[in-house]
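> Supplied structure: structure.cif, mmCIF, C-alpha atoms.
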```cif
data_data
loop_
_atom_site.label_atom_id
_atom_site.label_comp_id
_atom_site.auth_asym_id
_atom_site.auth_seq_id
_atom_site.Cartn_x
_atom_site.Cartn_y
_atom_site.Cartn_z
CA MET F 200 17.65 28.94 7.78
CA SER F 201 19.92 27.54 10.47
CA TRP F 202 22.26 30.52 9.99
CA GLY F 203 19.48 32.72 11.36
CA VAL F 204 19.69 31.08 14.75
CA GLU F 205 23.38 31.85 15.17
CA ASP F 206 23.40 35.43 13.88
CA GLU F 207 21.64 37.77 16.31
CA GLN F 208 20.76 40.45 13.73
CA ARG F 209 19.38 37.90 11.27
CA ARG F 210 17.37 36.31 14.07
CA LYS F 211 15.85 39.73 14.81
CA ASP F 212 15.18 40.27 11.10
CA ILE F 213 13.43 36.91 10.78
CA LEU F 214 11.33 37.59 13.87
CA GLU F 215 10.36 40.95 12.36
CA LEU F 216 9.43 39.21 9.10
CA MET F 217 7.30 36.71 11.04
CA LYS F 218 5.57 39.62 12.79
CA ILE F 219 4.85 41.31 9.44
CA SER F 220 3.55 38.02 8.05
CA GLU F 221 1.26 37.54 11.02
CA GLU F 222 -0.14 41.07 10.64
CA ILE F 223 -0.78 40.55 6.92
CA VAL F 224 -2.59 37.25 7.49
CA ARG F 225 -4.64 38.67 10.37
CA ALA F 226 -5.75 41.54 8.14
CA ASN F 227 -6.56 39.20 5.24
CA PRO F 228 -6.47 35.40 5.73
CA ASN F 229 -6.64 34.97 1.93
CA HIS F 230 -3.59 37.17 1.26
CA VAL F 231 -1.54 34.25 -0.11
CA ASN F 232 -4.23 33.40 -2.66
CA GLU F 233 -5.04 36.99 -3.63
CA VAL F 234 -1.59 38.61 -3.77
CA ASN F 235 -0.48 40.08 -7.09
CA LYS F 236 2.80 38.97 -8.65
CA SER F 237 5.61 41.44 -8.06
CA ARG F 238 7.03 43.32 -11.04
CA ASN F 239 10.53 41.88 -10.63
CA GLY F 240 9.44 38.32 -9.76
CA CYS F 241 10.69 38.45 -6.17
CA TRP F 242 8.45 36.20 -4.06
CA MET F 243 9.39 38.06 -0.90
CA GLU F 244 8.35 41.42 -2.33
CA GLN F 245 5.19 39.76 -3.58
CA MET F 246 4.26 38.30 -0.19
CA TYR F 247 5.65 40.87 2.25
CA GLY F 248 6.04 44.05 0.25
CA MET F 249 9.80 44.16 0.76
CA MET F 250 12.96 42.59 -0.61
CA ARG F 251 15.49 41.07 1.76
CA CYS F 252 18.00 39.24 -0.40
CA ASP F 253 20.40 39.02 2.53
CA PHE F 254 18.39 36.26 4.18
CA CYS F 255 16.27 34.92 1.35
CA ASP F 256 17.48 31.40 0.55
CA LEU F 257 14.22 29.69 -0.38
CA SER F 258 14.07 30.21 -4.14
CA ALA F 259 16.74 28.57 -6.27
CA ASP F 260 15.50 30.40 -9.37
CA CYS F 261 15.22 33.89 -7.90
CA PRO F 262 15.05 36.33 -10.84
CA VAL F 263 16.74 39.08 -8.84
CA ARG F 264 19.68 36.83 -7.91
CA GLU F 265 19.94 35.49 -11.48
CA GLU F 266 20.03 39.03 -12.92
CA ASN F 267 22.70 40.09 -10.41
CA GLU F 268 24.80 37.03 -11.26
CA TRP F 269 24.39 37.72 -14.98
CA GLN F 270 25.45 41.36 -14.60
CA GLU F 271 28.45 40.29 -12.49
CA TYR F 272 29.41 37.72 -15.17
CA LEU F 273 29.24 40.43 -17.84
CA ARG F 274 31.35 42.78 -15.73
CA VAL F 275 34.01 40.20 -14.83
CA ASN F 276 34.31 39.04 -18.44
CA ASN F 277 34.29 42.60 -19.80
CA ILE F 278 31.26 41.93 -21.99
CA VAL F 279 29.16 44.83 -23.24
CA ILE F 280 25.79 44.15 -24.83
CA VAL F 281 24.87 46.65 -27.53
CA ARG F 282 21.41 46.72 -29.05
CA GLY F 283 20.92 47.74 -32.66
CA ASP F 284 18.85 50.82 -33.56
CA ASP F 285 16.10 48.68 -35.11
CA GLN F 286 15.26 46.88 -31.85
#
```
Re-express the file's structure as structure tokens.


Amino acid sequence: MSWGVEDEQRRKDILELMKISEEIVRANPNHVNEVNKSRNGCWMEQMYGMMRCDFCDLSADCPVREENEWQEYLRVNNIVIVRGDDQ
């Protein structure tokens, strides 16, 4: 996260995230072990209750990023997926 040091807004965002994290852990030290998996698979939403894709670079297999890349691929290549009536 070296980019966070150079960008003032991102630095503020990361400090805010650290503050939220500290509050969560103070309220429940076992939060990490007890947290429920998020519906979309985003670890950040799961841990912090919010999604911040703009500075999340920790998960190479992020399902949100993968879905966005897939949709972009479909759009760029003019691919339309049509499901049959029986599915």

> For the file shown, report as a PyMOL selection string the outcome of the PyMOL selection byres ((chain F and resi 245) around 12) at residue level.

chain F and resi 220+230-244+246-251

> Would you compute the distance between atom CA of Asn277 of chain F and atom CA of Glu265 of chain F? Give it in Å to one decimal.

18.0 Å

> What separation in Å, quoted to one decimal, exists between atom CA of Asp253 of chain F and atom CA of Val224 of chain F?

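Between atom CA of Asp253 of chain F and atom CA of Val224 of chain F the gap works out to 23.6 Å.
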
> For the atom pair atom CA of Cys252 of chain F and atom CA of Glu271 of chain F, what is the interatomic distance in Å to one decimal place?

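Computing it gives 16.0 Å between the two atoms.
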
> I need the residue nearest Asp212 of chain F from this list: F:Pro228, F:Tyr272, F:Val279, F:Cys255. Use all atoms listed in the file for the distance.

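Among the listed residues, the smallest separation from Asp212 of chain F belongs to F:Cys255.
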
> For segment 223-231 of chain F, I'd like the enclosing box, axis-aligned and padded by 3 Å on every side, reported as lines of an AutoDock Vina configuration file with centre and edge lengths in Å to one decimal.


```
center_x = -3.7
center_y = 37.9
center_z = 5.1
size_x = 11.9
size_y = 13.3
size_z = 16.5
```
